[in-house]
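Chemist: My file is protein_21.pdb. It has PDB, C-alpha atoms:
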ATOM      1  CA  MET A   1    -156.784 -26.791-191.573
ATOM      2  CA  LYS A   2    -159.507 -24.223-192.226
ATOM      3  CA  SER A   3    -157.302 -21.352-191.007
ATOM      4  CA  THR A   4    -154.557 -22.472-193.387
ATOM      5  CA  VAL A   5    -156.940 -22.510-196.352
ATOM      6  CA  TRP A   6    -158.406 -19.137-195.373
ATOM      7  CA  VAL A   7    -154.945 -17.522-195.322
ATOM      8  CA  ALA A   8    -154.081 -19.020-198.682
ATOM      9  CA  LEU A   9    -157.324 -18.162-200.448
ATOM     10  CA  THR A  10    -157.457 -14.566-199.325
ATOM     11  CA  LEU A  11    -154.062 -13.932-200.915
ATOM     12  CA  PHE A  12    -155.381 -14.155-204.460
ATOM     13  CA  ALA A  13    -157.919 -11.399-203.954
ATOM     14  CA  LEU A  14    -155.306  -8.859-202.942
ATOM     15  CA  LEU A  15    -157.664 -10.985-204.618
ATOM     16  CA  GLY A  16    -152.674  -9.138-209.305
ATOM     17  CA  LEU A  17    -142.658  -4.570-213.512
ATOM     18  CA  GLY A  18    -140.248  -3.292-214.843
ATOM     19  CA  GLN A  19    -140.552  -4.759-218.344
ATOM     20  CA  GLY A  20    -141.659  -1.362-219.546
ATOM     21  CA  ALA A  21    -144.508   0.758-220.780
ATOM     22  CA  ALA A  22    -144.885  -1.092-224.086
ATOM     23  CA  TRP A  23    -146.432  -4.152-222.419
ATOM     24  CA  ALA A  24    -148.564  -1.995-220.103
ATOM     25  CA  ASN A  25    -150.008  -0.160-223.090
ATOM     26  CA  GLU A  26    -150.657  -3.451-224.908
ATOM     27  CA  ALA A  27    -152.350  -4.998-221.877
ATOM     28  CA  LEU A  28    -154.702  -2.049-221.678
ATOM     29  CA  SER A  29    -155.471  -1.842-225.401
ATOM     30  CA  LEU A  30    -156.028  -5.477-226.436
ATOM     31  CA  GLU A  31    -158.774  -7.904-225.455
ATOM     32  CA  LYS A  32    -157.187 -10.680-223.440
ATOM     33  CA  ALA A  33    -158.095 -13.451-221.007
ATOM     34  CA  TRP A  34    -156.068 -15.407-218.443
ATOM     35  CA  ASN A  35    -157.375 -18.687-217.011
ATOM     36  CA  PHE A  36    -155.710 -20.399-214.062
ATOM     37  CA  LYS A  37    -156.204 -23.594-212.103
ATOM     38  CA  VAL A  38    -155.492 -22.891-208.444
ATOM     39  CA  TYR A  39    -153.898 -25.377-206.042
ATOM     40  CA  LEU A  40    -153.175 -25.529-202.331
ATOM     41  CA  ASP A  41    -150.169 -27.857-202.146
ATOM     42  CA  ASP A  42    -151.286 -30.778-204.364
ATOM     43  CA  SER A  43    -155.032 -30.222-203.935
ATOM     44  CA  GLU A  44    -156.910 -28.419-206.701
ATOM     45  CA  LEU A  45    -159.072 -25.671-205.187
ATOM     46  CA  GLY A  46    -160.761 -24.256-208.269
ATOM     47  CA  SER A  47    -160.155 -21.634-210.909
ATOM     48  CA  GLN A  48    -159.735 -17.942-211.502
ATOM     49  CA  ARG A  49    -160.286 -15.994-214.714
ATOM     50  CA  PHE A  50    -159.193 -12.474-215.682
ATOM     51  CA  GLU A  51    -160.714 -10.746-218.725
ATOM     52  CA  VAL A  52    -159.374  -7.434-220.062
ATOM     53  CA  THR A  53    -161.561  -5.611-222.588
ATOM     54  CA  PRO A  54    -160.832  -2.200-224.167
ATOM     55  CA  THR A  55    -163.739   0.260-224.294
ATOM     56  CA  ALA A  56    -164.289   3.726-225.703
ATOM     57  CA  ASP A  57    -163.540   5.243-222.274
ATOM     58  CA  GLY A  58    -160.727   3.000-221.062
ATOM     59  CA  THR A  59    -160.406  -0.676-220.112
ATOM     60  CA  GLU A  60    -162.755  -3.063-218.299
ATOM     61  CA  VAL A  61    -161.295  -5.871-216.209
ATOM     62  CA  ARG A  62    -163.550  -8.702-215.015
ATOM     63  CA  ILE A  63    -162.246 -11.141-212.406
ATOM     64  CA  GLN A  64    -164.020 -14.273-211.243
ATOM     65  CA  ALA A  65    -162.850 -16.908-208.780
ATOM     66  CA  THR A  66    -164.523 -20.096-207.561
ATOM     67  CA  PHE A  67    -162.708 -22.196-204.936
ATOM     68  CA  ASP A  68    -163.844 -25.218-202.905
ATOM     69  CA  TYR A  69    -161.741 -27.233-200.470
ATOM     70  CA  GLU A  70    -162.998 -30.784-199.952
ATOM     71  CA  ILE A  71    -161.992 -33.651-197.674
ATOM     72  CA  MET A  72    -163.551 -37.042-198.437
ATOM     73  CA  PHE A  73    -166.141 -35.351-200.679
ATOM     74  CA  VAL A  74    -167.180 -33.010-197.863
ATOM     75  CA  ASN A  75    -166.860 -29.303-198.654
ATOM     76  CA  MET A  76    -164.750 -27.805-195.865
ATOM     77  CA  TYR A  77    -164.349 -24.375-197.380
ATOM     78  CA  SER A  78    -165.831 -22.288-200.190
ATOM     79  CA  TYR A  79    -164.816 -18.992-201.718
ATOM     80  CA  ARG A  80    -166.489 -16.847-204.378
ATOM     81  CA  HIS A  81    -165.133 -13.574-205.715
ATOM     82  CA  ARG A  82    -166.474 -11.267-208.451
ATOM     83  CA  ASN A  83    -164.844  -8.023-209.461
ATOM     84  CA  LEU A  84    -165.401  -5.424-212.189
ATOM     85  CA  GLU A  85    -162.703  -2.759-212.551
ATOM     86  CA  VAL A  86    -162.584   0.148-214.993
ATOM     87  CA  TRP A  87    -159.160   1.601-215.804
ATOM     88  CA  LYS A  88    -158.255   4.818-217.591
ATOM     89  CA  ASP A  89    -154.727   5.972-218.493
ATOM     90  CA  GLY A  90    -153.247   3.146-216.414
ATOM     91  CA  CYS A  91    -155.130   4.115-213.223
ATOM     92  CA  LEU A  92    -158.178   2.660-211.512
ATOM     93  CA  SER A  93    -161.304   4.651-212.361
ATOM     94  CA  SER A  94    -163.902   2.489-210.610
ATOM     95  CA  ILE A  95    -164.276  -0.860-208.857
ATOM     96  CA  GLU A  96    -167.226  -3.022-207.807
ATOM     97  CA  ALA A  97    -166.183  -6.215-206.023
ATOM     98  CA  SER A  98    -168.032  -8.756-203.891
ATOM     99  CA  THR A  99    -166.646 -11.723-201.981
ATOM    100  CA  ASP A 100    -168.178 -14.630-200.067
ATOM    101  CA  ASP A 101    -165.391 -16.049-197.927
ATOM    102  CA  ASP A 102    -166.953 -19.228-196.521
ATOM    103  CA  GLY A 103    -170.071 -17.331-195.468
ATOM    104  CA  GLU A 104    -168.384 -14.054-194.513
ATOM    105  CA  THR A 105    -169.190 -11.366-197.067
ATOM    106  CA  PHE A 106    -167.094  -8.409-198.219
ATOM    107  CA  PHE A 107    -167.563  -5.624-200.716
ATOM    108  CA  VAL A 108    -165.447  -2.893-202.261
ATOM    109  CA  SER A 109    -167.013  -0.049-204.225
ATOM    110  CA  GLY A 110    -164.985   2.833-205.626
ATOM    111  CA  THR A 111    -165.426   5.729-208.065
ATOM    112  CA  LYS A 112    -162.884   8.312-209.139
ATOM    113  CA  GLN A 113    -163.836  11.972-208.782
ATOM    114  CA  LYS A 114    -161.245  14.276-210.309
ATOM    115  CA  ASP A 115    -157.951  13.170-208.681
ATOM    116  CA  VAL A 116    -159.501  11.210-205.806
ATOM    117  CA  LEU A 117    -160.765   7.623-205.723
ATOM    118  CA  LEU A 118    -163.591   7.383-203.185
ATOM    119  CA  VAL A 119    -163.616   3.801-201.832
ATOM    120  CA  ARG A 120    -166.283   2.218-199.637
ATOM    121  CA  SER A 121    -165.931  -1.172-197.917
ATOM    122  CA  LYS A 122    -166.954  -2.945-194.710
ATOM    123  CA  SER A 123    -164.190  -1.026-192.967
ATOM    124  CA  GLY A 124    -165.668   2.341-193.918
ATOM    125  CA  GLU A 125    -164.852   5.035-196.451
ATOM    126  CA  GLN A 126    -161.513   6.396-197.657
ATOM    127  CA  ARG A 127    -160.302   8.931-200.206
ATOM    128  CA  LEU A 128    -157.230   7.811-202.163
ATOM    129  CA  GLN A 129    -155.200  10.430-203.988
ATOM    130  CA  GLY A 130    -153.429  10.074-207.327
ATOM    131  CA  CYS A 131    -153.094   7.002-209.543
ATOM    132  CA  VAL A 132    -154.504   4.049-207.577
ATOM    133  CA  LYS A 133    -153.914   0.462-208.731
ATOM    134  CA  THR A 134    -155.135  -2.911-207.536
ATOM    135  CA  TYR A 135    -153.043  -6.101-207.567
ATOM    136  CA  ALA A 136    -153.368  -6.056-211.371
ATOM    137  CA  TYR A 137    -151.215  -9.077-212.198
ATOM    138  CA  TRP A 138    -152.270  -8.901-215.861
ATOM    139  CA  ASP A 139    -150.547  -5.494-216.276
ATOM    140  CA  PRO A 140    -146.852  -5.737-215.285
ATOM    141  CA  SER A 141    -146.583  -1.981-214.714
ATOM    142  CA  PHE A 142    -148.477  -2.430-211.421
ATOM    143  CA  LEU A 143    -145.224  -3.655-209.856
ATOM    144  CA  LYS A 144    -143.839  -0.146-210.036
ATOM    145  CA  SER A 145    -146.355   0.861-207.347
ATOM    146  CA  GLU A 146    -145.586   1.415-203.670
ATOM    147  CA  GLN A 147    -149.194   0.859-202.555
ATOM    148  CA  LEU A 148    -151.992  -1.313-203.941
ATOM    149  CA  LEU A 149    -155.711  -1.586-203.247
ATOM    150  CA  ASN A 150    -156.938  -4.936-201.899
ATOM    151  CA  SER A 151    -160.054  -5.748-203.926
ATOM    152  CA  GLN A 152    -161.475  -7.995-201.206
ATOM    153  CA  THR A 153    -161.124  -5.816-198.117
ATOM    154  CA  GLY A 154    -160.608  -2.319-199.549
ATOM    155  CA  GLU A 155    -157.357  -1.929-197.614
ATOM    156  CA  TYR A 156    -154.708   0.269-199.277
ATOM    157  CA  GLN A 157    -151.534  -1.716-198.643
ATOM    158  CA  SER A 158    -147.867  -0.747-198.800
ATOM    159  CA  ILE A 159    -145.746  -3.212-200.786
ATOM    160  CA  ASN A 160    -142.132  -3.965-201.626
ATOM    161  CA  VAL A 161    -141.127  -5.540-204.958
ATOM    162  CA  GLN A 162    -137.985  -7.618-205.504
ATOM    163  CA  THR A 163    -136.560  -8.709-208.857
ATOM    164  CA  LEU A 164    -135.464 -12.338-208.478
ATOM    165  CA  GLY A 165    -133.997 -12.712-211.958
ATOM    166  CA  ALA A 166    -134.316 -15.120-214.863
ATOM    167  CA  ASP A 167    -136.167 -18.391-214.307
ATOM    168  CA  ALA A 168    -137.960 -21.129-216.248
ATOM    169  CA  ILE A 169    -141.389 -22.635-215.528
ATOM    170  CA  GLU A 170    -143.713 -25.051-217.288
ATOM    171  CA  VAL A 171    -146.875 -23.555-218.761
ATOM    172  CA  ALA A 172    -149.480 -25.777-220.426
ATOM    173  CA  GLY A 173    -146.873 -28.516-220.811
ATOM    174  CA  LYS A 174    -144.136 -26.330-222.306
ATOM    175  CA  ALA A 175    -141.040 -24.805-220.711
ATOM    176  CA  ARG A 176    -141.084 -21.002-220.755
ATOM    177  CA  ALA A 177    -138.240 -18.583-220.041
ATOM    178  CA  THR A 178    -139.432 -16.032-217.516
ATOM    179  CA  ASN A 179    -138.538 -13.121-215.267
ATOM    180  CA  HIS A 180    -139.286 -13.778-211.597
ATOM    181  CA  TYR A 181    -140.540 -11.210-209.041
ATOM    182  CA  LYS A 182    -141.706 -11.150-205.434
ATOM    183  CA  ILE A 183    -144.229  -8.817-203.777
ATOM    184  CA  THR A 184    -143.979  -8.474-199.995
ATOM    185  CA  ASN A 185    -146.113  -6.648-197.450
ATOM    186  CA  ASN A 186    -146.686  -7.089-193.721
ATOM    187  CA  ASP A 187    -148.988 -10.077-194.246
ATOM    188  CA  PHE A 188    -147.649 -12.205-197.096
ATOM    189  CA  ASP A 189    -145.250 -12.810-199.982
ATOM    190  CA  ILE A 190    -146.379 -13.442-203.570
ATOM    191  CA  GLU A 191    -144.063 -14.677-206.319
ATOM    192  CA  LEU A 192    -144.886 -13.895-209.960
ATOM    193  CA  TRP A 193    -143.527 -15.098-213.307
ATOM    194  CA  TYR A 194    -143.695 -13.155-216.590
ATOM    195  CA  ASP A 195    -142.613 -14.273-220.052
ATOM    196  CA  ALA A 196    -139.020 -13.155-220.675
ATOM    197  CA  ASP A 197    -139.823 -11.841-224.175
ATOM    198  CA  THR A 198    -143.405 -10.570-224.008
ATOM    199  CA  ALA A 199    -143.771  -9.916-220.241
ATOM    200  CA  GLU A 200    -147.074 -11.816-220.276
ATOM    201  CA  TRP A 201    -148.189 -13.044-216.853
ATOM    202  CA  LEU A 202    -147.653 -16.821-216.574
ATOM    203  CA  GLY A 203    -147.792 -17.880-212.927
ATOM    204  CA  LEU A 204    -148.189 -17.084-209.223
ATOM    205  CA  ARG A 205    -147.111 -18.782-206.000
ATOM    206  CA  SER A 206    -147.324 -17.929-202.307
ATOM    207  CA  THR A 207    -146.374 -19.800-199.120
ATOM    208  CA  THR A 208    -148.656 -19.410-196.120
ATOM    209  CA  ALA A 209    -147.501 -18.972-192.538
ATOM    210  CA  ASP A 210    -148.288 -22.668-192.005
ATOM    211  CA  GLY A 211    -146.008 -23.687-194.850
ATOM    212  CA  ASN A 212    -148.704 -24.521-197.405
ATOM    213  CA  VAL A 213    -148.139 -23.465-201.009
ATOM    214  CA  LEU A 214    -150.808 -21.625-203.005
ATOM    215  CA  ARG A 215    -150.129 -21.980-206.732
ATOM    216  CA  TYR A 216    -151.688 -20.620-209.935
ATOM    217  CA  ASP A 217    -151.080 -22.709-213.073
ATOM    218  CA  ARG A 218    -151.907 -21.060-216.391
ATOM    219  CA  VAL A 219    -154.421 -23.024-218.491
ATOM    220  CA  LYS A 220    -154.119 -23.046-222.274
ATOM    221  CA  GLU A 221    -156.890 -21.113-224.015
ATOM    222  CA  ASN A 222    -159.322 -23.216-226.069
TER     223      ASN A 222
END
Show me, as structure tokens, the structure contained in the file I just sent.
Modeler:
Amino acid sequence: MKSTVWVALTLFALLGLGQGAAWANEALSLEKAWNFKVYLDDSELGSQRFEVTPTADGTEVRIQATFDYEIMFVNMYSYRHRNLEVWKDGCLSSIEASTDDDGETFFVSGTKQKDVLLVRSKSGEQRLQGCVKTYAYWDPSFLKSEQLLNSQTGEYQSINVQTLGADAIEVAGKARATNHYKITNNDFDIELWYDADTAEWLGLRSTTADGNVLRYDRVKEN
């Protein structure tokens, strides 16, 4: 069971579109927050929050996740992730992320110097050229990328994006018309839903190799 949960939980940190530049510009220029309850099958694991804040020099993105998997009130698994990203002109300018994956720790630290993002992690150091993006689910333009930076491990991963078409999902008790996408790499698939009119991120789902479903349900803002 633990291996199943580990596979599922690490997906979110990779712990984020072709609707166009208008939404990308809005996402980067307005203060916004996304709160999600996270489930593995029917079991609630915890929550994840994304905050996007415009600054004089660009955009700050703060990500926080707290997950616990319990059986009969015994904690079988815990996961903590904290991430601060700074974006400028739609590209990652810096990143400071830390993760405690059930006692195993990870870090990713990156700073852009001219046209190169220098990234350090447990795996070592790498120099990434051009406009680097993370799995920035909050900004639909990230799905135009061919590679994305994993904010847990620091791996720069090749991806493929499929457009799955129109769909409808329930968000905070209301049906929403959406556009449906899938991200695939060598390790996993992630499905994403965006509002059909505004392109706002509404949901995420992934199926693990063991057949378990990891699901993000959007929580209504207070």
Chemist: Quick one: apply the PyMOL selection byres ((chain A and resi 101-110) around 7) to the file and drop the selected residues here as a list in words.
Modeler: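 For this structure, the PyMOL selection byres ((chain A and resi 101-110) around 7) captures Tyr77, Ser78, Tyr79, Arg80, Ser94, Ile95, Glu96, Ala97, Ser98, Thr99, Asp100, Thr111, Lys112, Leu117, Leu118, Val119, Arg120, Ser121, Lys122, Ser151, Gln152, Thr153 and Gly154 of chain A.
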Chemist: What does the distance from atom CA of Leu202 of chain A to atom CA of Cys91 of chain A come to in Å, to one decimal?
Modeler: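 Atom CA of Leu202 of chain A sits 22.5 Å away from atom CA of Cys91 of chain A.
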Chemist: Given the file above and the PyMOL selection byres ((chain A and resi 170-178) around 7), which residues are selected, and can you give them as a PyMOL selection string?
Modeler: chain A and resi 166-169+179-180+193-196+218-220
Chemist: So which one's closest to Arg49 of chain A, A:Ile71, A:Gly124, A:Tyr137, A:Asn150? Using all atoms listed in the file, please.
Modeler: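 Answer, going by the shortest atom-to-atom distance: A:Tyr137.
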Chemist: Would you be able to write out as an NGL selection string which residues have an atom within 10 Å of (-137.9, -7.9, -204.3) in the file's coordinates, counting only C-alpha atoms?
Modeler: :A and (159-165 or 180-184 or 189 or 191)
Chemist: Taking into account only C-alpha atoms, which residue in the set A:Trp201, A:Glu70, A:Leu92, A:Gln147 is nearest to Phe50 of chain A?
Modeler: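 For Phe50 of chain A, the nearest of the given residues is A:Trp201.
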Chemist: Atom CA of Thr198 of chain A to atom CA of Tyr39 of chain A: how many Å, to one decimal?
Modeler: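 Interatomic distance, atom CA of Thr198 of chain A to atom CA of Tyr39 of chain A: 25.5 Å.
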Chemist: Choose the residue, out of A:Leu149, A:Thr53, A:Gly90, A:Leu45, that has the smallest atom-to-atom separation from Asn75 of chain A; count only C-alpha atoms.
Modeler: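 Going through A:Leu149, A:Thr53, A:Gly90, A:Leu45 one by one, the smallest distance to Asn75 of chain A is for A:Leu45.
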Chemist: Between atom CA of Arg205 of chain A and atom CA of Phe67 of chain A, what is the spacing in Å?
Modeler: 16.0 Å
Chemist: Write out as a PyMOL selection string which residues come within 9 Å of Phe188 of chain A when counting all atoms listed in the file, dropping same-chain ones fewer than 5 positions away.
Modeler: chain A and resi 11+183+206-209
Chemist: A:Val132, A:Ser123, A:Glu51, A:Met76: which is nearest Asp89 of chain A, counting only C-alpha atoms?
Modeler: A:Val132
Chemist: Set up a box along x, y and z of the file covering all listed atoms of segment 70-88 of chain A, add 8 Å on every one of the six sides, and write the centre and edge lengths in Å to one decimal, as AutoDock Vina command-line options.
Modeler:
--center_x -162.7 --center_y -16.1 --center_z -206.7 --size_x 24.9 --size_y 57.9 --size_z 37.7
Chemist: Which polymer residues, protein or nucleic acid, are no farther than 6 Å from (-160.7, -6.1, -208.8), counting only C-alpha atoms, as JSON, numbers by chain?
Modeler: {"A": [83, 84, 85, 151]}
Chemist: Using only C-alpha atoms, which of the listed residues (A:Tyr135, A:Phe142, A:Phe36, A:Trp87) sits closest to Glu155 of chain A?
Modeler: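 Among the listed residues, the smallest separation from Glu155 of chain A belongs to A:Tyr135.
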Chemist: On this structure, which residues satisfy the PyMOL selection byres ((chain A and resi 64) around 7), written as a compact mmCIF listing (two decimals) with C-alpha atoms, in the coordinates of the input?
Modeler:
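Result saved to part-v6.txt:
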# COMPACT_ATOMS: atom_id res chain seq x y z
CA GLN A 48 -159.74 -17.94 -211.50
CA ARG A 49 -160.29 -15.99 -214.71
CA PHE A 50 -159.19 -12.47 -215.68
CA ARG A 62 -163.55 -8.70 -215.02
CA ILE A 63 -162.25 -11.14 -212.41
CA ALA A 65 -162.85 -16.91 -208.78
CA THR A 66 -164.52 -20.10 -207.56
CA HIS A 81 -165.13 -13.57 -205.72
CA ARG A 82 -166.47 -11.27 -208.45
CA ASN A 83 -164.84 -8.02 -209.46
Chemist: Could you check the closest approach to Ala33 of chain A for each of A:Cys131, A:Asp139, A:Lys114, A:Leu214 and tell me which residue wins, using all atoms listed in the file?
Modeler: A:Asp139
